[in-house]
>>> print(open('start.pdb').read())   # PDB, C-alpha atoms and all ligand atoms
ATOM      1  CA  MET A   1      -4.851  -1.234   5.758  1.00  0.00           C
ATOM      2  CA  LYS A   2      -3.602  -2.927   8.869  1.00  0.00           C
ATOM      3  CA  LYS A   3       0.105  -3.542   8.787  1.00  0.00           C
ATOM      4  CA  SER A   4       1.785  -6.384  10.571  1.00  0.00           C
ATOM      5  CA  LEU A   5       5.440  -7.155  10.982  1.00  0.00           C
ATOM      6  CA  THR A   6       7.187 -10.212   9.666  1.00  0.00           C
ATOM      7  CA  TRP A   7      10.402 -10.982  11.514  1.00  0.00           C
ATOM      8  CA  HIS A   8      13.408 -12.027   9.477  1.00  0.00           C
ATOM      9  CA  LYS A   9      16.423 -13.580  11.079  1.00  0.00           C
ATOM     10  CA  ILE A  10      19.608 -11.842   9.972  1.00  0.00           C
ATOM     11  CA  ALA A  11      22.162 -13.547  12.259  1.00  0.00           C
ATOM     12  CA  ASP A  12      22.378 -16.312  14.821  1.00  0.00           C
ATOM     13  CA  HIS A  13      23.984 -13.967  17.301  1.00  0.00           C
ATOM     14  CA  ILE A  14      24.781 -10.270  17.547  1.00  0.00           C
ATOM     15  CA  ASN A  15      28.505 -11.077  17.596  1.00  0.00           C
ATOM     16  CA  GLU A  16      28.193 -12.679  14.173  1.00  0.00           C
ATOM     17  CA  LEU A  17      27.280  -9.407  12.519  1.00  0.00           C
ATOM     18  CA  GLY A  18      30.873  -8.259  12.300  1.00  0.00           C
ATOM     19  CA  PHE A  19      30.607  -4.656  13.381  1.00  0.00           C
ATOM     20  CA  ALA A  20      33.308  -2.405  11.992  1.00  0.00           C
ATOM     21  CA  GLU A  21      35.104   0.108  14.192  1.00  0.00           C
ATOM     22  CA  ASN A  22      32.376   2.635  13.427  1.00  0.00           C
ATOM     23  CA  ASN A  23      29.822   0.303  15.084  1.00  0.00           C
ATOM     24  CA  ILE A  24      28.034  -0.280  11.791  1.00  0.00           C
ATOM     25  CA  ALA A  25      27.679  -3.755  10.292  1.00  0.00           C
ATOM     26  CA  LEU A  26      26.478  -4.857   6.883  1.00  0.00           C
ATOM     27  CA  ALA A  27      23.658  -7.400   6.995  1.00  0.00           C
ATOM     28  CA  TRP A  28      21.353  -9.056   4.501  1.00  0.00           C
ATOM     29  CA  LEU A  29      17.597  -8.793   4.633  1.00  0.00           C
ATOM     30  CA  ASN A  30      16.079 -11.055   1.986  1.00  0.00           C
ATOM     31  CA  GLU A  31      19.046 -10.614  -0.341  1.00  0.00           C
ATOM     32  CA  LYS A  32      19.152  -6.852   0.091  1.00  0.00           C
ATOM     33  CA  LYS A  33      21.912  -5.102   1.930  1.00  0.00           C
ATOM     34  CA  ILE A  34      21.001  -3.209   5.064  1.00  0.00           C
ATOM     35  CA  CYS A  35      22.995  -1.658   7.886  1.00  0.00           C
ATOM     36  CA  ILE A  36      22.937  -2.554  11.526  1.00  0.00           C
ATOM     37  CA  GLY A  37      24.075   0.212  13.844  1.00  0.00           C
ATOM     38  CA  ARG A  38      25.052  -0.192  17.452  1.00  0.00           C
ATOM     39  CA  TYR A  39      24.780   2.604  19.978  1.00  0.00           C
ATOM     40  CA  LYS A  40      25.249   1.971  23.687  1.00  0.00           C
ATOM     41  CA  ASP A  41      23.152  -1.144  24.394  1.00  0.00           C
ATOM     42  CA  GLN A  42      20.847  -0.691  21.434  1.00  0.00           C
ATOM     43  CA  VAL A  43      20.851  -2.033  17.918  1.00  0.00           C
ATOM     44  CA  PHE A  44      19.136  -0.473  14.898  1.00  0.00           C
ATOM     45  CA  ALA A  45      18.526  -1.506  11.305  1.00  0.00           C
ATOM     46  CA  PHE A  46      18.516   1.043   8.485  1.00  0.00           C
ATOM     47  CA  ALA A  47      19.020   1.388   4.761  1.00  0.00           C
ATOM     48  CA  TYR A  48      22.370   0.580   3.188  1.00  0.00           C
ATOM     49  CA  LYS A  49      22.262   3.664   0.981  1.00  0.00           C
ATOM     50  CA  CYS A  50      21.655   7.243   1.994  1.00  0.00           C
ATOM     51  CA  PRO A  51      18.359   8.676   0.662  1.00  0.00           C
ATOM     52  CA  HIS A  52      20.154  11.851  -0.441  1.00  0.00           C
ATOM     53  CA  ALA A  53      22.599  10.643  -3.093  1.00  0.00           C
ATOM     54  CA  GLY A  54      23.287   7.011  -2.307  1.00  0.00           C
ATOM     55  CA  GLY A  55      26.204   7.328   0.097  1.00  0.00           C
ATOM     56  CA  LEU A  56      27.031   3.980   1.659  1.00  0.00           C
ATOM     57  CA  MET A  57      25.937   4.189   5.253  1.00  0.00           C
ATOM     58  CA  THR A  58      28.304   1.364   6.228  1.00  0.00           C
ATOM     59  CA  ASP A  59      31.103   3.907   5.656  1.00  0.00           C
ATOM     60  CA  GLY A  60      29.466   6.524   7.852  1.00  0.00           C
ATOM     61  CA  PHE A  61      29.722   6.904  11.582  1.00  0.00           C
ATOM     62  CA  ILE A  62      27.552   7.165  14.653  1.00  0.00           C
ATOM     63  CA  ASP A  63      27.803  10.458  16.492  1.00  0.00           C
ATOM     64  CA  ALA A  64      27.777  11.041  20.238  1.00  0.00           C
ATOM     65  CA  LEU A  65      23.974  11.352  20.262  1.00  0.00           C
ATOM     66  CA  GLY A  66      23.362   8.091  18.431  1.00  0.00           C
ATOM     67  CA  ASN A  67      22.645   9.507  14.977  1.00  0.00           C
ATOM     68  CA  VAL A  68      24.139   7.860  11.939  1.00  0.00           C
ATOM     69  CA  VAL A  69      26.081  10.275   9.744  1.00  0.00           C
ATOM     70  CA  CYS A  70      26.388   9.718   6.002  1.00  0.00           C
ATOM     71  CA  PRO A  71      30.000   9.693   4.794  1.00  0.00           C
ATOM     72  CA  LEU A  72      29.292  11.738   1.643  1.00  0.00           C
ATOM     73  CA  HIS A  73      27.653  14.993   2.737  1.00  0.00           C
ATOM     74  CA  ARG A  74      27.353  14.336   6.440  1.00  0.00           C
ATOM     75  CA  TYR A  75      23.580  14.418   6.700  1.00  0.00           C
ATOM     76  CA  LYS A  76      22.521  12.942  10.011  1.00  0.00           C
ATOM     77  CA  PHE A  77      19.698  10.533  10.697  1.00  0.00           C
ATOM     78  CA  ASP A  78      18.137   9.274  13.888  1.00  0.00           C
ATOM     79  CA  MET A  79      18.692   5.507  13.654  1.00  0.00           C
ATOM     80  CA  ARG A  80      15.512   4.802  15.569  1.00  0.00           C
ATOM     81  CA  THR A  81      13.088   6.878  13.505  1.00  0.00           C
ATOM     82  CA  GLY A  82      14.986   7.623  10.281  1.00  0.00           C
ATOM     83  CA  ARG A  83      14.390  11.321  10.846  1.00  0.00           C
ATOM     84  CA  ASN A  84      16.903  13.562   9.097  1.00  0.00           C
ATOM     85  CA  VAL A  85      18.013  15.443  12.219  1.00  0.00           C
ATOM     86  CA  SER A  86      20.372  17.739  10.327  1.00  0.00           C
ATOM     87  CA  GLY A  87      17.298  19.206   8.615  1.00  0.00           C
ATOM     88  CA  GLU A  88      17.586  18.483   4.889  1.00  0.00           C
ATOM     89  CA  GLY A  89      14.186  16.777   4.790  1.00  0.00           C
ATOM     90  CA  TYR A  90      15.172  13.232   3.874  1.00  0.00           C
ATOM     91  CA  TYR A  91      14.106  10.038   5.572  1.00  0.00           C
ATOM     92  CA  LEU A  92      16.280   7.015   6.155  1.00  0.00           C
ATOM     93  CA  LYS A  93      14.313   3.802   5.881  1.00  0.00           C
ATOM     94  CA  ASN A  94      14.658   1.779   9.050  1.00  0.00           C
ATOM     95  CA  TRP A  95      13.298  -1.344  10.682  1.00  0.00           C
ATOM     96  CA  PRO A  96      12.835  -2.573  14.228  1.00  0.00           C
ATOM     97  CA  VAL A  97      15.378  -5.053  15.538  1.00  0.00           C
ATOM     98  CA  GLU A  98      14.865  -7.727  18.161  1.00  0.00           C
ATOM     99  CA  ILE A  99      17.632  -9.678  19.807  1.00  0.00           C
ATOM    100  CA  ARG A 100      16.240 -13.031  20.809  1.00  0.00           C
ATOM    101  CA  GLU A 101      17.786 -16.204  22.116  1.00  0.00           C
ATOM    102  CA  GLU A 102      17.516 -17.735  18.634  1.00  0.00           C
ATOM    103  CA  GLY A 103      19.197 -14.816  16.937  1.00  0.00           C
ATOM    104  CA  VAL A 104      18.869 -11.283  15.650  1.00  0.00           C
ATOM    105  CA  PHE A 105      15.599 -10.447  13.894  1.00  0.00           C
ATOM    106  CA  VAL A 106      14.496  -7.491  11.781  1.00  0.00           C
ATOM    107  CA  GLY A 107      10.802  -6.672  11.478  1.00  0.00           C
ATOM    108  CA  VAL A 108       9.409  -5.841   8.051  1.00  0.00           C
ATOM    109  CA  GLU A 109       5.957  -4.414   7.472  1.00  0.00           C
ATOM    110  CA  GLU A 110       3.655  -6.642   5.575  1.00  0.00           C
ATOM    111  CA  THR A 111       0.802  -5.083   3.617  1.00  0.00           C
ATOM    112  CA  GLY A 112      -1.805  -7.182   1.888  1.00  0.00           C
ATOM    113  CA  GLY A 113       0.327 -10.272   1.648  1.00  0.00           C
ATOM    114  CA  PHE A 114       3.315  -8.490   0.147  1.00  0.00           C
ATOM    115  CA  TRP A 115       6.088  -6.802   1.993  1.00  0.00           C
ATOM    116  CA  ASN A 116       8.300  -4.153   0.613  1.00  0.00           C
ATOM    117  CA  ILE A 117      11.446  -3.294   2.482  1.00  0.00           C
ATOM    118  CA  PHE A 118      12.296  -0.210   0.434  1.00  0.00           C
ATOM    119  CA  ARG A 119       9.024   1.604   0.407  1.00  0.00           C
TER     120      ARG A 119
HETATM  121  S1  LIG B   1      24.631  11.009  -0.041  1.00  0.00           S
HETATM  122 FE1  LIG B   1      24.309  10.959   2.090  1.00  0.00          FE
HETATM  123  S2  LIG B   1      24.334  13.001   2.682  1.00  0.00           S
HETATM  124 FE2  LIG B   1      24.558  13.096   0.530  1.00  0.00          FE
END
>>> encode(input="start.pdb", output="structure tokens")
Amino acid sequence: MKKSLTWHKIADHINELGFAENNIALAWLNEKKICIGRYKDQVFAFAYKCPHAGGLMTDGFIDALGNVVCPLHRYKFDMRTGRNVSGEGYYLKNWPVEIREEGVFVGVEETGGFWNIFR
């Protein structure tokens, strides 16, 4: 089935996201919490909870290579792809982000009229 993206506005401006010192901000995507991570000039959207045992990714940190590290057991994920780069075989759900003049948008896959952000 062909998948298309629906773009959801999560903030009027990147500065409104309220990044913590760890460069991770909490945002809302259709009433669900997600994380926004900032690394160099790029911004990424990924799941609020770690796929391993539910660690809160907002309390994690971003390492020197741009991976987000879970605060509980320190598994690392590539923010761009969700790949578990420390090798435990998990996958961190993630979404594309676009910064536009009208605000910050997160793209969610739509399949057959329904979209599911936590597939
Ligand atoms: S809960 Fe995230 S690494 Fe275990």
>>> closest_atom_pairs(input="start.pdb", of="chain A", to="ligand LIG 1 (chain B)", cutoff="9 Å", atoms="only C-alpha atoms and all ligand atoms", output="Markdown table")
| residue | atom | partner | partner_atom | distance |
| --- | --- | --- | --- | --- |
| A:Lys49 | CA | B:LIG1 | FE1 | 7.7 |
| A:Cys50 | CA | B:LIG1 | FE1 | 4.6 |
| A:Pro51 | CA | B:LIG1 | FE1 | 6.5 |
| A:His52 | CA | B:LIG1 | S1 | 4.6 |
| A:Ala53 | CA | B:LIG1 | S1 | 3.7 |
| A:Gly54 | CA | B:LIG1 | S1 | 4.8 |
| A:Gly55 | CA | B:LIG1 | S1 | 4.0 |
| A:Leu56 | CA | B:LIG1 | FE1 | 7.5 |
| A:Met57 | CA | B:LIG1 | FE1 | 7.6 |
| A:Gly60 | CA | B:LIG1 | FE1 | 8.9 |
| A:Val69 | CA | B:LIG1 | S2 | 7.8 |
| A:Cys70 | CA | B:LIG1 | FE1 | 4.6 |
| A:Pro71 | CA | B:LIG1 | FE1 | 6.4 |
| A:Leu72 | CA | B:LIG1 | S1 | 5.0 |
| A:His73 | CA | B:LIG1 | S2 | 3.9 |
| A:Arg74 | CA | B:LIG1 | S2 | 5.0 |
| A:Tyr75 | CA | B:LIG1 | S2 | 4.3 |
| A:Lys76 | CA | B:LIG1 | S2 | 7.6 |
| A:Glu88 | CA | B:LIG1 | S2 | 9.0 |
>>> resolve_selection(input="start.pdb", expression="the PyMOL selection byres (((chain A and resi 67) around 9) and not hetatm)", output="ChimeraX atom specification")
/A:39,61-66,68-69,76-80,85
>>> atom_distance(input="start.pdb", atom1="atom CA of His8 of chain A", atom2="atom CA of Arg83 of chain A")
23.4 Å
>>> resolve_selection(input="start.pdb", expression="the PyMOL selection byres (((chain A and resi 94) around 10) and not hetatm)", output="number ranges by chain")
A: 34-36, 44-48, 78-83, 91-93, 95-97, 106-108, 117-118
>>> resolve_selection(input="start.pdb", expression="the PyMOL selection byres (((chain A and resi 10-12) around 8) and not hetatm)", output="list of chain:residue names")
A:His8, A:Lys9, A:His13, A:Ile14, A:Glu16, A:Leu17, A:Ala27, A:Trp28, A:Leu29, A:Glu102, A:Gly103, A:Val104, A:Phe105, A:Val106
>>> atom_distance(input="start.pdb", atom1="atom CA of Lys32 of chain A", atom2="atom CA of Arg100 of chain A")
21.8 Å
>>> atom_distance(input="start.pdb", atom1="atom CA of Leu26 of chain A", atom2="atom CA of Val43 of chain A")
12.7 Å
>>> residues_near_point(input="start.pdb", point="(28.9, -0.1, 17.4)", cutoff="8 Å", atoms="all atoms listed in the file", output="mmCIF file with C-alpha atoms, keeping the file's coordinate frame")
data_model
loop_
_atom_site.group_PDB
_atom_site.id
_atom_site.type_symbol
_atom_site.label_atom_id
_atom_site.label_comp_id
_atom_site.auth_asym_id
_atom_site.auth_seq_id
_atom_site.Cartn_x
_atom_site.Cartn_y
_atom_site.Cartn_z
ATOM 1 C CA PHE A 19 30.607 -4.656 13.381
ATOM 2 C CA ALA A 20 33.308 -2.405 11.992
ATOM 3 C CA GLU A 21 35.104 0.108 14.192
ATOM 4 C CA ASN A 22 32.376 2.635 13.427
ATOM 5 C CA ASN A 23 29.822 0.303 15.084
ATOM 6 C CA ILE A 24 28.034 -0.280 11.791
ATOM 7 C CA GLY A 37 24.075 0.212 13.844
ATOM 8 C CA ARG A 38 25.052 -0.192 17.452
ATOM 9 C CA TYR A 39 24.780 2.604 19.978
ATOM 10 C CA LYS A 40 25.249 1.971 23.687
ATOM 11 C CA ILE A 62 27.552 7.165 14.653
#
>>> closest_residue(input="start.pdb", among="A:Glu98, A:Asp59, A:Ser86, A:Glu109", to="Ala25 of chain A", atoms="all atoms listed in the file")
A:Asp59
>>> closest_residue(input="start.pdb", among="A:Leu5, A:Ile99, A:Asn84, A:Gly89", to="Gln42 of chain A", atoms="all atoms listed in the file")
A:Ile99
